[in-house]
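Notes to accompany the following structure.
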Amino acid sequence: MLEPAASPAGFTVRCTRALLSPWSRLSLLVVMLAAAVTTVLVLEPQRLLSAGWPPQLSGAAAVVLFGLAYGLCTAAFVPRPILNLAAGALFGSQAGLVSAVAGTVVGAGIAFGLGRVLGQEALRPLLRGRALLAADGQLSRHGFRTMLAVRLFPGVPFAAANYCAAVSRMGWLPFLLATGIGSVPNTAAYVIAGSSASSPTSPAFLIAMGFIALSGLGAAVVAWRKRHRLRGKTGK
């Protein structure tokens, strides 16, 4: 006897399950990020540093639009220092800082949301090794203070921190608050440097560059000490 053909409803259910499976969603995330990176490479948003902001856009609308564009660019892995310098050069230190910090939070929220919805379920079972498990436990149990420290010290890439936090069990609110607060000092230094770049001998520019150098050195020292401790524990 011939077997009855599968019902259209059953076929639809199986297709839906396959499309919504963890690995299908992770594949979609990878495709979206690859498309975003390709778009950034083609459009080259860093040209804002040389070409400037379109003259027809000005005032508060320009600041808001730049913040939104900033967020999308950071989600597509555009380095934040470039965007921070552009914010200062285009809007000055005060408006530039507001736009840059807002864009930082928007971009972090976009990346966190994409990672949480499309990647967490597939990637959590793959967490292996002492370092990965330790990072996951730290973010899951002490999310706010851990992310605050990550944002204050610029040693961890911005996008990597976003997606790592998304894979952990860290909550939305602690993540966004820690990002907004912790990003202010370093962002302010780059924005001030961008706003005063035309006067490289001015006190504002020199102080900002000094802060950037010291924070980078501090991040390198902290990373070296943590790596040294981890090697010591592994060797025991």
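Labeling convention for the structure tokens: chains A, B, ... as they appear, residues from 1 per chain, ligands from 1 in order of appearance.
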
Mind dumping a table of every segment 127-210 of chain A residue within 9 Å of segment 75-93 of chain A, with the nearest atom pair and its distance in Å to one decimal, using only C-alpha atoms, sorted by chain and rising number, as a Markdown table?
```
| residue | atom | partner | partner_atom | distance |
| --- | --- | --- | --- | --- |
| A:Pro157 | CA | A:Pro79 | CA | 8.7 |
| A:Phe158 | CA | A:Arg80 | CA | 7.8 |
| A:Ala159 | CA | A:Phe77 | CA | 6.2 |
| A:Asn162 | CA | A:Ala75 | CA | 8.9 |
| A:Thr187 | CA | A:Asn84 | CA | 6.3 |
| A:Ala188 | CA | A:Ser93 | CA | 7.6 |
| A:Ala189 | CA | A:Asn84 | CA | 8.7 |
| A:Tyr190 | CA | A:Leu85 | CA | 5.4 |
| A:Val191 | CA | A:Gly88 | CA | 4.2 |
| A:Ile192 | CA | A:Ser93 | CA | 5.2 |
| A:Ala193 | CA | A:Leu85 | CA | 6.7 |
| A:Gly194 | CA | A:Leu85 | CA | 4.2 |
| A:Ser195 | CA | A:Gly88 | CA | 4.2 |
| A:Ser196 | CA | A:Ala89 | CA | 7.5 |
| A:Ala197 | CA | A:Ala89 | CA | 7.6 |
| A:Ser198 | CA | A:Ala89 | CA | 9.0 |
```

*Proximity to Tyr70 of chain A - best of A:Glu44, A:Ala100, A:Gln94, A:Ala108, only C-alpha atoms*: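 Of the candidates, the smallest distance to Tyr70 of chain A is held by A:Ala100.
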
*Check the smallest atom-to-atom distance from each of A:Val184, A:Ala61, A:Ala219, A:Met170 to His142 of chain A using only C-alpha atoms, then report the winner.*
A:Met170

*Take atom CA of Ile212 of chain A and atom CA of Asn186 of chain A and report the distance between them in Å, one decimal.*
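If I compute the distance from atom CA of Ile212 of chain A to atom CA of Asn186 of chain A, I get 6.8 Å.
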
*Gly171 of chain A surroundings by only C-alpha atoms, 9 Å radius, close-in-sequence under 5 positions cut, as number ranges by chain*: A: 140, 143-144, 165-166, 176

*Could you tell me how far atom CA of Gly180 of chain A lies from atom CA of Gly96 of chain A, in Å and to one decimal?*
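Interatomic distance here is 14.7 Å.
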